[in-house]
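> Structure file structure-v6.txt (compact mmCIF, C-alpha atoms) right here:
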```
# COMPACT_ATOMS: atom_id res chain seq x y z
CA ALA A 416 -41.27 -30.77 -9.53
CA ALA A 417 -38.75 -28.99 -7.36
CA LEU A 418 -35.59 -28.44 -9.32
CA GLN A 419 -32.02 -27.85 -8.27
CA GLY A 420 -31.36 -24.77 -6.15
CA GLY A 421 -28.80 -22.06 -6.86
CA SER A 422 -25.11 -22.88 -6.72
CA LEU A 423 -21.73 -21.21 -6.89
CA ALA A 424 -21.41 -21.87 -10.59
CA ALA A 425 -25.06 -21.56 -11.52
CA GLY A 426 -25.19 -17.78 -11.48
CA ALA A 427 -21.99 -17.67 -13.48
CA LEU A 428 -23.49 -20.13 -15.95
CA VAL A 429 -26.42 -17.81 -16.54
CA ALA A 430 -24.15 -14.78 -16.83
CA THR A 431 -21.77 -16.39 -19.31
CA THR A 432 -24.10 -18.57 -21.40
CA GLY A 433 -27.53 -17.04 -21.10
CA ALA A 434 -28.92 -20.26 -19.65
CA GLY A 435 -32.28 -19.65 -18.07
CA ALA A 436 -35.69 -18.22 -18.81
CA GLY A 437 -34.38 -14.87 -20.03
CA ALA A 438 -31.84 -16.23 -22.52
CA GLN A 439 -32.25 -14.72 -25.98
CA ALA A 440 -28.95 -14.35 -27.82
CA LEU A 441 -26.95 -17.54 -27.37
CA ALA A 442 -26.69 -19.88 -30.35
CA VAL A 443 -24.55 -23.01 -30.21
CA PRO A 444 -22.99 -23.70 -33.64
CA ARG A 445 -25.43 -25.92 -35.47
CA ASP A 446 -24.78 -28.84 -37.76
CA SER A 447 -27.50 -30.25 -39.94
CA GLY A 448 -29.30 -32.94 -37.99
CA PRO A 449 -31.76 -35.67 -38.89
CA SER A 450 -35.20 -34.70 -40.13
CA ALA A 451 -38.11 -34.51 -37.73
CA ALA A 452 -39.68 -37.45 -39.50
CA THR A 453 -36.62 -39.56 -38.87
CA VAL A 454 -36.50 -38.68 -35.21
CA ALA A 455 -40.22 -39.28 -34.80
CA ALA A 456 -39.99 -42.77 -36.28
CA ALA A 457 -40.97 -45.69 -34.08
CA PRO A 458 -38.29 -46.17 -31.41
CA VAL A 459 -36.06 -49.18 -31.70
CA ALA A 460 -35.42 -51.52 -28.79
CA ALA A 461 -33.02 -50.24 -26.15
CA ALA A 462 -29.45 -51.04 -27.15
CA ALA A 463 -27.85 -53.89 -25.26
CA ALA A 464 -24.81 -51.82 -24.35
CA PRO A 465 -22.66 -52.90 -21.42
CA PRO A 466 -23.22 -50.85 -18.25
CA LEU A 467 -21.11 -47.71 -18.11
CA VAL A 468 -18.37 -47.76 -15.48
CA LEU A 469 -16.73 -44.45 -14.66
CA PRO A 470 -13.46 -43.97 -12.75
CA ALA A 471 -13.23 -42.56 -9.24
CA MET A 472 -12.59 -39.11 -10.73
CA GLY A 473 -12.95 -37.40 -14.08
CA ILE A 474 -11.79 -34.07 -15.47
CA GLY A 475 -14.12 -31.21 -16.38
CA ALA A 476 -13.54 -29.34 -19.64
CA TRP A 477 -15.67 -26.24 -18.97
CA ALA A 478 -12.58 -24.02 -19.25
CA TRP A 479 -11.61 -25.52 -22.61
CA GLY A 480 -12.96 -22.80 -24.87
CA ASP A 481 -14.79 -20.62 -22.33
CA SER A 482 -13.37 -17.11 -22.70
CA LEU A 483 -15.96 -15.33 -20.56
CA PHE A 484 -15.64 -17.15 -17.24
CA TRP A 485 -12.26 -18.89 -17.57
CA LYS A 486 -10.49 -16.46 -19.93
CA TYR A 487 -9.74 -19.13 -22.54
CA ASP A 488 -7.11 -18.14 -25.11
CA ALA A 489 -6.47 -20.38 -28.12
CA LYS A 490 -2.75 -19.67 -27.98
CA PHE A 491 -2.61 -21.96 -24.95
CA ASP A 492 -4.26 -24.89 -26.71
CA PHE A 493 -0.86 -26.60 -26.69
CA GLU A 494 -1.14 -26.82 -22.90
CA LEU A 495 -4.57 -28.44 -23.17
CA GLU A 496 -3.24 -30.90 -25.73
CA GLU A 497 -0.27 -31.74 -23.49
CA LEU A 498 -2.75 -32.34 -20.67
CA PHE A 499 -4.89 -34.53 -22.92
CA GLU A 500 -1.96 -36.62 -24.14
CA TYR A 501 -0.91 -37.38 -20.58
CA TYR A 502 -4.42 -37.99 -19.29
CA ALA A 503 -5.47 -40.19 -22.21
CA SER A 504 -2.51 -42.44 -21.40
CA GLN A 505 -3.88 -43.06 -17.92
CA PRO A 506 -6.28 -45.97 -17.36
CA ASP A 507 -9.97 -45.07 -17.61
CA ALA A 508 -9.61 -41.36 -18.48
CA PHE A 509 -12.95 -39.52 -18.43
CA LEU A 510 -13.68 -35.97 -19.68
CA ASP A 511 -16.88 -34.02 -19.10
CA THR A 512 -17.84 -31.34 -21.62
CA ALA A 513 -20.98 -29.64 -23.00
CA GLU A 514 -22.23 -27.97 -26.14
CA LEU A 515 -22.30 -24.68 -24.20
CA TYR A 516 -18.63 -24.84 -23.20
CA GLY A 517 -17.02 -22.36 -25.55
CA LEU A 518 -20.12 -22.76 -27.76
CA GLY A 519 -18.85 -26.11 -29.00
CA ARG A 520 -15.14 -25.31 -28.78
CA SER A 521 -14.54 -27.67 -25.85
CA GLU A 522 -16.03 -30.59 -27.77
CA MET A 523 -14.05 -29.74 -30.90
CA LEU A 524 -10.79 -29.61 -28.94
CA ILE A 525 -11.45 -33.05 -27.47
CA GLY A 526 -12.15 -34.40 -30.94
CA ASP A 527 -9.02 -32.78 -32.39
CA PHE A 528 -6.85 -34.10 -29.56
CA GLU A 529 -8.23 -37.62 -29.92
CA ARG A 530 -7.60 -37.65 -33.66
CA ARG A 531 -4.05 -36.32 -33.42
CA SER A 532 -3.05 -38.56 -30.52
CA GLY A 533 -4.85 -41.69 -31.67
CA LYS A 534 -6.06 -42.06 -28.07
CA ARG A 535 -9.67 -42.27 -26.96
CA VAL A 536 -11.13 -41.28 -23.61
CA LYS A 537 -14.55 -41.70 -22.05
CA VAL A 538 -16.60 -38.58 -22.74
CA ALA A 539 -19.76 -37.05 -21.31
CA SER A 540 -21.46 -34.07 -22.92
CA LYS A 541 -24.64 -32.10 -22.25
CA PHE A 542 -27.71 -30.76 -24.05
CA ALA A 543 -28.44 -27.06 -23.43
CA ALA A 544 -32.14 -26.73 -22.49
CA LEU A 545 -32.56 -23.28 -24.04
CA PRO A 546 -35.93 -21.59 -24.70
CA TRP A 547 -36.01 -22.32 -28.43
CA LYS A 548 -35.32 -26.01 -27.89
CA THR A 549 -38.60 -27.58 -26.83
CA ARG A 550 -38.88 -30.88 -28.72
CA ARG A 551 -37.51 -34.34 -28.13
CA GLU A 552 -35.85 -34.24 -31.54
CA ASP A 553 -33.90 -31.15 -30.45
CA VAL A 554 -32.09 -33.38 -27.94
CA VAL A 555 -31.25 -35.97 -30.58
CA GLN A 556 -30.06 -33.35 -33.05
CA ALA A 557 -27.92 -31.65 -30.41
CA CYS A 558 -26.40 -34.99 -29.42
CA GLU A 559 -25.54 -35.78 -33.03
CA ALA A 560 -24.05 -32.30 -33.48
CA SER A 561 -21.88 -32.84 -30.39
CA LEU A 562 -20.73 -36.17 -31.78
CA ARG A 563 -19.82 -34.56 -35.10
CA ARG A 564 -17.78 -31.90 -33.33
CA MET A 565 -15.90 -34.68 -31.52
CA GLY A 566 -15.58 -36.86 -34.60
CA ARG A 567 -17.41 -39.74 -32.94
CA SER A 568 -20.32 -42.03 -33.67
CA SER A 569 -21.20 -42.38 -29.98
CA MET A 570 -20.27 -41.13 -26.51
CA GLU A 571 -20.36 -42.70 -23.10
CA LEU A 572 -22.75 -40.31 -21.30
CA TYR A 573 -25.22 -37.63 -22.45
CA GLN A 574 -26.92 -35.29 -19.99
CA ILE A 575 -29.56 -32.56 -19.83
CA HIS A 576 -27.46 -29.60 -18.69
CA PHE A 577 -30.15 -27.89 -16.61
CA PRO A 578 -33.94 -28.00 -16.24
CA ASN A 579 -36.29 -25.34 -17.52
CA ALA A 580 -39.94 -24.40 -17.12
CA TRP A 581 -41.40 -25.59 -20.38
CA ALA A 582 -40.15 -28.83 -21.94
CA ASN A 583 -38.47 -31.12 -19.41
CA GLU A 584 -40.58 -34.17 -20.27
CA ALA A 585 -39.76 -33.74 -23.98
CA TYR A 586 -36.07 -33.61 -23.11
CA TRP A 587 -36.36 -36.84 -21.16
CA ASP A 588 -37.99 -38.47 -24.19
CA GLY A 589 -35.11 -37.16 -26.29
CA LEU A 590 -32.57 -38.66 -23.91
CA GLY A 591 -34.30 -41.99 -24.27
CA ASP A 592 -34.22 -41.67 -28.05
CA CYS A 593 -30.46 -41.01 -27.98
CA TYR A 594 -29.97 -44.13 -25.87
CA GLU A 595 -32.16 -46.33 -28.04
CA ARG A 596 -30.46 -45.17 -31.22
CA GLY A 597 -27.06 -46.16 -29.83
CA LEU A 598 -25.72 -42.61 -29.79
CA VAL A 599 -24.88 -42.87 -26.10
CA GLN A 600 -24.02 -45.62 -23.66
CA ALA A 601 -25.82 -43.97 -20.74
CA VAL A 602 -27.97 -40.91 -20.00
CA GLY A 603 -28.06 -38.45 -17.12
CA VAL A 604 -29.10 -34.99 -15.99
CA SER A 605 -27.40 -32.02 -14.38
CA ASN A 606 -28.53 -29.44 -11.82
CA TYR A 607 -31.68 -31.44 -11.03
CA GLY A 608 -33.28 -31.42 -7.60
CA ALA A 609 -34.62 -34.45 -5.74
CA ASP A 610 -38.18 -34.39 -7.12
CA ALA A 611 -37.02 -33.86 -10.69
CA VAL A 612 -34.48 -36.69 -10.44
CA GLU A 613 -37.24 -39.03 -9.36
CA ALA A 614 -39.51 -37.81 -12.18
CA VAL A 615 -36.95 -38.31 -14.95
CA SER A 616 -35.89 -41.67 -13.49
CA THR A 617 -39.53 -42.80 -13.56
CA SER A 618 -40.05 -41.51 -17.10
CA LEU A 619 -36.99 -43.26 -18.49
CA GLY A 620 -37.75 -46.37 -16.46
CA ARG A 621 -40.99 -46.86 -18.40
CA ARG A 622 -38.77 -47.48 -21.44
CA GLY A 623 -36.38 -49.73 -19.56
CA ILE A 624 -33.66 -47.06 -19.58
CA PRO A 625 -31.76 -46.34 -16.35
CA LEU A 626 -30.98 -42.78 -15.28
CA TYR A 627 -27.24 -43.05 -14.80
CA SER A 628 -26.25 -39.80 -13.13
CA ASN A 629 -27.06 -36.33 -11.83
CA GLN A 630 -24.21 -33.84 -12.17
CA ILE A 631 -24.47 -31.23 -9.44
CA GLN A 632 -22.50 -28.55 -7.68
CA TYR A 633 -21.00 -30.44 -4.74
CA SER A 634 -18.03 -29.52 -2.58
CA LEU A 635 -16.99 -28.54 0.92
CA LEU A 636 -18.02 -25.03 -0.11
CA TYR A 637 -21.37 -26.18 -1.49
CA PRO A 638 -22.41 -29.31 0.46
CA PHE A 639 -26.14 -28.64 0.46
CA ALA A 640 -27.13 -31.79 -1.43
CA ASN A 641 -26.34 -33.56 1.86
CA SER A 642 -28.99 -31.64 3.81
CA ASN A 643 -31.71 -30.95 1.24
CA GLY A 644 -32.39 -34.59 0.42
CA LEU A 645 -30.92 -34.52 -3.07
CA LYS A 646 -27.98 -36.84 -2.51
CA ARG A 647 -30.12 -39.20 -0.46
CA LYS A 648 -32.67 -39.38 -3.29
CA CYS A 649 -29.93 -40.07 -5.87
CA ASP A 650 -28.52 -42.82 -3.66
CA GLN A 651 -31.97 -44.37 -3.20
CA LEU A 652 -32.56 -44.41 -6.96
CA GLY A 653 -29.10 -45.74 -7.79
CA VAL A 654 -28.26 -42.50 -9.62
CA LYS A 655 -24.56 -41.62 -9.51
CA VAL A 656 -23.66 -38.12 -8.34
CA LEU A 657 -21.06 -36.38 -10.48
CA ALA A 658 -19.61 -33.53 -8.43
CA TYR A 659 -18.72 -30.50 -10.49
CA SER A 660 -16.60 -27.68 -9.05
CA PRO A 661 -15.36 -29.96 -6.22
CA ILE A 662 -12.67 -27.41 -5.36
CA GLY A 663 -15.28 -24.66 -5.08
CA LEU A 664 -14.32 -22.99 -8.38
CA GLY A 665 -10.76 -22.98 -7.08
CA LEU A 666 -11.60 -21.12 -3.86
CA LEU A 667 -10.43 -24.12 -1.79
CA SER A 668 -7.19 -24.59 -3.71
CA GLY A 669 -5.16 -22.57 -1.19
CA LYS A 670 -4.43 -19.98 -3.85
CA TYR A 671 -7.01 -17.38 -2.81
CA SER A 672 -7.89 -15.36 0.29
CA ALA A 673 -9.62 -12.10 1.26
CA GLU A 674 -6.46 -10.32 0.13
CA GLN A 675 -5.86 -12.44 -2.98
CA LEU A 676 -9.08 -12.78 -4.99
CA PRO A 677 -9.48 -14.46 -8.38
CA GLU A 678 -10.21 -12.36 -11.46
CA GLY A 679 -13.45 -12.29 -13.41
CA PRO A 680 -16.86 -13.56 -12.24
CA ARG A 681 -15.28 -15.66 -9.49
CA ALA A 682 -14.19 -12.51 -7.66
CA GLU A 683 -17.70 -11.77 -6.38
CA LEU A 684 -18.13 -15.33 -5.14
CA ALA A 685 -14.75 -15.15 -3.44
CA LYS A 686 -15.72 -11.91 -1.72
CA ALA A 687 -18.98 -13.47 -0.51
CA PHE A 688 -16.97 -16.30 1.01
CA PHE A 689 -13.75 -14.78 2.31
CA ASN A 690 -15.14 -11.34 3.18
CA GLY A 691 -18.83 -12.10 3.68
CA GLN A 692 -18.35 -14.89 6.23
CA PRO A 693 -14.72 -14.51 7.34
CA GLU A 694 -14.85 -16.71 10.44
CA THR A 695 -16.50 -19.57 8.56
CA ALA A 696 -14.09 -19.17 5.64
CA ALA A 697 -11.09 -19.21 7.98
CA GLY A 698 -12.39 -22.32 9.72
CA LEU A 699 -12.92 -24.25 6.50
CA VAL A 700 -9.63 -23.15 4.94
CA ASP A 701 -7.81 -24.09 8.15
CA ALA A 702 -9.45 -27.53 8.29
CA VAL A 703 -8.48 -28.19 4.67
CA ALA A 704 -4.92 -26.96 5.24
CA LYS A 705 -4.39 -29.10 8.35
CA THR A 706 -5.74 -32.18 6.58
CA ALA A 707 -3.45 -31.51 3.63
CA GLU A 708 -0.45 -31.19 5.92
CA LYS A 709 -1.35 -34.44 7.69
CA HIS A 710 -1.36 -36.38 4.42
CA GLY A 711 1.43 -34.53 2.63
CA ALA A 712 -1.15 -33.43 0.07
CA THR A 713 -2.43 -30.20 -1.45
CA PRO A 714 -5.64 -28.38 -0.45
CA SER A 715 -7.18 -29.23 -3.83
CA GLN A 716 -6.53 -32.93 -3.24
CA VAL A 717 -8.25 -32.73 0.14
CA ALA A 718 -11.32 -31.09 -1.41
CA ILE A 719 -11.46 -33.75 -4.14
CA ASN A 720 -10.96 -36.56 -1.64
CA TRP A 721 -13.86 -35.32 0.49
CA CYS A 722 -16.15 -35.68 -2.52
CA VAL A 723 -14.86 -39.21 -3.10
CA ALA A 724 -15.42 -40.05 0.58
CA LYS A 725 -19.06 -39.00 0.14
CA GLY A 726 -19.54 -41.52 -2.65
CA THR A 727 -19.52 -39.08 -5.56
CA THR A 728 -17.43 -38.91 -8.72
CA PRO A 729 -15.69 -35.50 -8.67
CA ILE A 730 -14.84 -33.85 -11.97
CA PRO A 731 -12.41 -31.02 -11.16
CA GLY A 732 -11.31 -28.81 -14.00
CA ALA A 733 -7.76 -28.65 -15.34
CA ARG A 734 -6.20 -26.31 -17.90
CA ASN A 735 -2.63 -27.53 -17.86
CA LEU A 736 -0.56 -30.57 -16.99
CA ARG A 737 0.39 -29.24 -13.57
CA GLN A 738 -3.25 -28.90 -12.52
CA LEU A 739 -4.07 -32.32 -13.94
CA LYS A 740 -1.27 -34.05 -12.05
CA ASP A 741 -2.31 -32.31 -8.84
CA ASN A 742 -5.88 -33.55 -9.33
CA LEU A 743 -4.74 -37.09 -10.10
CA GLY A 744 -2.64 -37.03 -6.94
CA ALA A 745 -5.87 -37.10 -4.95
CA LEU A 746 -6.40 -40.71 -6.04
CA SER A 747 -3.28 -42.07 -4.34
CA TRP A 748 -4.59 -41.67 -0.78
CA ARG A 749 -7.87 -41.40 1.14
CA LEU A 750 -9.25 -39.39 4.04
CA ASP A 751 -9.82 -41.29 7.28
CA ALA A 752 -12.98 -41.01 9.39
CA ALA A 753 -11.51 -38.30 11.62
CA ASP A 754 -10.57 -36.23 8.56
CA VAL A 755 -14.08 -36.48 7.15
CA ALA A 756 -15.66 -35.52 10.48
CA ARG A 757 -13.40 -32.47 10.82
CA LEU A 758 -14.13 -31.32 7.29
CA ASP A 759 -17.86 -32.00 7.66
CA ALA A 760 -18.01 -29.78 10.73
CA ALA A 761 -16.20 -26.91 9.03
CA SER A 762 -18.26 -27.27 5.86
CA ALA A 763 -21.58 -27.33 7.73
CA ALA A 764 -21.05 -23.74 8.85
CA VAL A 765 -20.83 -22.38 5.30
CA GLN A 766 -23.77 -20.27 4.14
CA PRO A 767 -24.86 -20.38 0.47
CA LEU A 768 -23.04 -17.90 -1.72
CA ALA A 769 -25.82 -17.83 -4.34
CA LYS A 770 -29.16 -16.66 -2.98
CA ALA A 771 -31.39 -17.13 -6.00
CA ASN A 772 -32.15 -20.17 -8.14
CA PRO A 773 -31.17 -19.24 -11.72
CA PHE A 774 -32.93 -22.31 -13.13
CA PRO A 775 -36.73 -21.91 -13.50
CA ALA A 776 -38.93 -24.20 -11.43
CA LYS A 777 -41.78 -26.05 -13.09
```
What is this structure when it is put down as structure tokens?


Amino acid sequence: AALQGGSLAAGALVATTGAGAGAQALAVPRDSGPSAATVAAAPVAAAAAPPLVLPAMGIGAWAWGDSLFWKYDAKFDFELEELFEYYASQPDAFLDTAELYGLGRSEMLIGDFERRSGKRVKVASKFAALPWKTRREDVVQACEASLRRMGRSSMELYQIHFPNAWANEAYWDGLGDCYERGLVQAVGVSNYGADAVEAVSTSLGRRGIPLYSNQIQYSLLYPFANSNGLKRKCDQLGVKVLAYSPIGLGLLSGKYSAEQLPEGPRAELAKAFFNGQPETAAGLVDAVAKTAEKHGATPSQVAINWCVAKGTTPIPGARNLRQLKDNLGALSWRLDAADVARLDAASAAVQPLAKANPFPAK
């Protein structure tokens, strides 16, 4: 099946986690999981859990623990906890994490913050489809390890982080096992292309389990799911699209330009955008800025709102309370049809910044 194409964040994901066919050294901290015999036992009936309902926007926790891409420093954990305390007090707070984020650190922080605050949020995490994980029970064991790191008995959504070339069907079986054992309320995938989404939806459907979501790179800077059939396929199948990096890894926040580039791995992506296609970059940045001025909003809020207007659930990152409040401000207003048309036109001119697909096709 054709899998998800390259994205702004995908190359960085490979560089900072080793995800992909050539990964050799990465090891997520392991907790002892159930025995293979236990996992292989006859599946129980699908749990009669209520359907999962997510808010219009969540918050991504990739930066919570990731020192390679986002320069995480534990001395600023107090800022993350302040963010969590505020966010957890909002109705329907939803955090997206993964076992790869900080090699489990992101999940542990969420668990610590929940315990200390006494507040619970909706949580999604992800299974890392690495070369040495090829069995359905690997998915179940990873899910249980994630739950232990968060101090939970269950989570709202569990996803396959990315496809690979050797064991996708086994992973889908493992997702189903997690659902049937009541470890998760819903299951999804991430970085899957149109054909793969249909394949996993069909596989889970044989067990009466719905595929809830596909988390993909989706933004004004990376709108290609609109033209390659991926979003249309998700809509046809009733699969929700969770839009990660909706602000284009911060490149649409108004903070950066050809003269003011971000540090770290994002610098090369910023150069490819601001310097590699300057007229297109200027047109998109200008369209975002004019829309922000019209609504008395920030550029980040415009970028998030565009994702909402397209029927997705954006999950922008936040590392402090100021960023969180700016993100939440996007929910107090909406783009009108003229805004969307203007932004669509500017976005359509953008050329992909990542030329190769870092995820192996199967």

> Using all atoms listed in the file, find each residue in segment 516-591 of chain A having at least one atom no more than 8 Å away from segment 599-622 of chain A; report its shortest atom-to-atom pair and that distance in Å (one decimal), rows by chain then rising number, as JSON lines.


```
{"residue": "A:Ser569", "atom": "CA", "partner": "A:Val599", "partner_atom": "CA", "distance": 5.4}
{"residue": "A:Met570", "atom": "CA", "partner": "A:Val599", "partner_atom": "CA", "distance": 4.9}
{"residue": "A:Glu571", "atom": "CA", "partner": "A:Gln600", "partner_atom": "CA", "distance": 4.7}
{"residue": "A:Leu572", "atom": "CA", "partner": "A:Ala601", "partner_atom": "CA", "distance": 4.8}
{"residue": "A:Tyr573", "atom": "CA", "partner": "A:Val602", "partner_atom": "CA", "distance": 4.9}
{"residue": "A:Gln574", "atom": "CA", "partner": "A:Gly603", "partner_atom": "CA", "distance": 4.4}
{"residue": "A:Ile575", "atom": "CA", "partner": "A:Val604", "partner_atom": "CA", "distance": 4.6}
{"residue": "A:His576", "atom": "CA", "partner": "A:Ser605", "partner_atom": "CA", "distance": 4.9}
{"residue": "A:Phe577", "atom": "CA", "partner": "A:Asn606", "partner_atom": "CA", "distance": 5.3}
{"residue": "A:Pro578", "atom": "CA", "partner": "A:Tyr607", "partner_atom": "CA", "distance": 6.6}
{"residue": "A:Glu584", "atom": "CA", "partner": "A:Val615", "partner_atom": "CA", "distance": 7.7}
{"residue": "A:Trp587", "atom": "CA", "partner": "A:Val615", "partner_atom": "CA", "distance": 6.4}
{"residue": "A:Asp588", "atom": "CA", "partner": "A:Leu619", "partner_atom": "CA", "distance": 7.5}
{"residue": "A:Leu590", "atom": "CA", "partner": "A:Val602", "partner_atom": "CA", "distance": 6.4}
{"residue": "A:Gly591", "atom": "CA", "partner": "A:Leu619", "partner_atom": "CA", "distance": 6.5}
```

> Create the file for the chosen residues now, containing C-alpha atoms and written as a short mmCIF file (atom, residue, chain, number, x, y, z; two decimals), keeping the file's coordinate frame.


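Contents of selection23.cif, freshly written:
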```
data_model
loop_
_atom_site.label_atom_id
_atom_site.label_comp_id
_atom_site.auth_asym_id
_atom_site.auth_seq_id
_atom_site.Cartn_x
_atom_site.Cartn_y
_atom_site.Cartn_z
CA SER A 569 -21.20 -42.38 -29.98
CA MET A 570 -20.27 -41.13 -26.51
CA GLU A 571 -20.36 -42.70 -23.10
CA LEU A 572 -22.75 -40.31 -21.30
CA TYR A 573 -25.22 -37.63 -22.45
CA GLN A 574 -26.92 -35.29 -19.99
CA ILE A 575 -29.56 -32.56 -19.83
CA HIS A 576 -27.46 -29.60 -18.69
CA PHE A 577 -30.15 -27.89 -16.61
CA PRO A 578 -33.94 -28.00 -16.24
CA GLU A 584 -40.58 -34.17 -20.27
CA TRP A 587 -36.36 -36.84 -21.16
CA ASP A 588 -37.99 -38.47 -24.19
CA LEU A 590 -32.57 -38.66 -23.91
CA GLY A 591 -34.30 -41.99 -24.27
#
```

> Which residue gives the smallest distance to Lys534 of chain A among A:Asp507, A:Asp650, A:Gly711, A:Arg520, with all atoms listed in the file counted?

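The answer is A:Asp507, which sits nearest to Lys534 of chain A.
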
> Please determine, counting all atoms listed in the file, which residue among A:Trp477, A:Arg564, A:Gly663, A:Lys705 has the shortest atom-to-atom distance to Arg530 of chain A.

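Counting all atoms listed in the file, the residue closest to Arg530 of chain A is A:Arg564.
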
> Find, counting only C-alpha atoms, the residue in A:Lys486, A:Asn735, A:Leu515, A:Val717 that gets nearest to Arg757 of chain A.

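Looking only at the distances to Arg757 of chain A, the closest residue turns out to be A:Val717.
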
> Take atom CA of Ala471 of chain A and atom CA of Trp485 of chain A and report the distance between them in Å, one decimal.

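Taking atom CA of Ala471 of chain A and atom CA of Trp485 of chain A, their separation equals 25.1 Å.
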
> For Ala756 of chain A, which of A:Ala640, A:Val536, A:Met472, A:Leu635 is the closest residue, counting only C-alpha atoms?

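The closest residue to Ala756 of chain A is A:Leu635.
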
> Considering all atoms listed in the file, state which residue in the set A:Gly589, A:Glu595, A:Tyr516, A:Val468 is at the smallest distance from Lys537 of chain A.

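Between A:Gly589, A:Glu595, A:Tyr516, A:Val468, the residue approaching Lys537 of chain A most closely is A:Val468.
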
> Just want the 9 Å neighbourhood of Asp701 of chain A, counted on all atoms listed in the file, with same-chain residues fewer than 5 positions away dropped. Output as a short mmCIF file (atom, residue, chain, number, x, y, z; two decimals) with C-alpha atoms, in the frame of the given file.


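What landed in selection.cif:
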```cif
data_model
loop_
_atom_site.label_atom_id
_atom_site.label_comp_id
_atom_site.auth_asym_id
_atom_site.auth_seq_id
_atom_site.Cartn_x
_atom_site.Cartn_y
_atom_site.Cartn_z
CA ALA A 696 -14.09 -19.17 5.64
CA THR A 706 -5.74 -32.18 6.58
CA ALA A 761 -16.20 -26.91 9.03
#
```

> Find the distance between atom CA of Asp759 of chain A and atom CA of Lys655 of chain A and write it in Å to one decimal.

20.8 Å

> Identify which of the residues A:Ala685, A:Ala753, A:Met523, A:Leu743 lies closest to Ala712 of chain A, counting all atoms listed in the file when measuring atom-to-atom distances.

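Distance minimum relative to Ala712 of chain A lands on A:Leu743.
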
> Could you check how far atom CA of Leu598 of chain A sits from atom CA of Ser561 of chain A, in Å to one decimal?

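Atom CA of Leu598 of chain A sits 10.5 Å away from atom CA of Ser561 of chain A.
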
> Skip Val703 of chain A itself and residues of its chain fewer than 4 positions away, then list as a PDB file with C-alpha atoms, keeping the file's coordinate frame all residues within 7 Å of it, counting all atoms listed in the file.


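Result file out27.pdb:
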```pdb
ATOM      1  CA  LEU A 699     -12.920 -24.250   6.500  1.00  0.00           C
ATOM      2  CA  ALA A 707      -3.450 -31.510   3.630  1.00  0.00           C
ATOM      3  CA  PRO A 714      -5.640 -28.380  -0.450  1.00  0.00           C
ATOM      4  CA  VAL A 717      -8.250 -32.730   0.140  1.00  0.00           C
ATOM      5  CA  LEU A 758     -14.130 -31.320   7.290  1.00  0.00           C
TER       6      LEU A 758
END
```

> Excluding same-chain residues fewer than 5 positions from Leu664 of chain A, what lies within 12 Å of it counting only C-alpha atoms, as a ChimeraX atom specification?

/A:422-425,427,475,477-478,484-485,632-637,658-659,669-671,676-685,688,715,718-719,730-733

> Within 9 Å of Glu500 of chain A, counting all atoms listed in the file, which residues qualify if same-chain residues fewer than 2 places away don't, as a list in words?

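Answer for this query is Leu495, Glu496, Glu497, Leu498, Tyr502, Ala503, Ser504, Phe528, Glu529, Ser532 and Lys534 of chain A.
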
> Kindly export the residues of the current selection with C-alpha atoms, as a PDB file, in the frame of the given file.


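The resulting file, selection.pdb, is reproduced below:
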```pdb
ATOM      1  CA  LEU A 495      -4.570 -28.440 -23.170  1.00  0.00           C
ATOM      2  CA  GLU A 496      -3.240 -30.900 -25.730  1.00  0.00           C
ATOM      3  CA  GLU A 497      -0.270 -31.740 -23.490  1.00  0.00           C
ATOM      4  CA  LEU A 498      -2.750 -32.340 -20.670  1.00  0.00           C
ATOM      5  CA  TYR A 502      -4.420 -37.990 -19.290  1.00  0.00           C
ATOM      6  CA  ALA A 503      -5.470 -40.190 -22.210  1.00  0.00           C
ATOM      7  CA  SER A 504      -2.510 -42.440 -21.400  1.00  0.00           C
ATOM      8  CA  PHE A 528      -6.850 -34.100 -29.560  1.00  0.00           C
ATOM      9  CA  GLU A 529      -8.230 -37.620 -29.920  1.00  0.00           C
ATOM     10  CA  SER A 532      -3.050 -38.560 -30.520  1.00  0.00           C
ATOM     11  CA  LYS A 534      -6.060 -42.060 -28.070  1.00  0.00           C
TER      12      LYS A 534
END
```

> What lies within 10 Å of Gln766 of chain A using only C-alpha atoms, ignoring chain neighbours under 3 positions off, as a list in words?

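Selected residues are Leu636, Tyr637, Pro638, Phe639, Ala687, Phe688, Gly691, Gln692, Thr695, Ala696, Ser762, Ala763, Ala769 and Lys770 of chain A.
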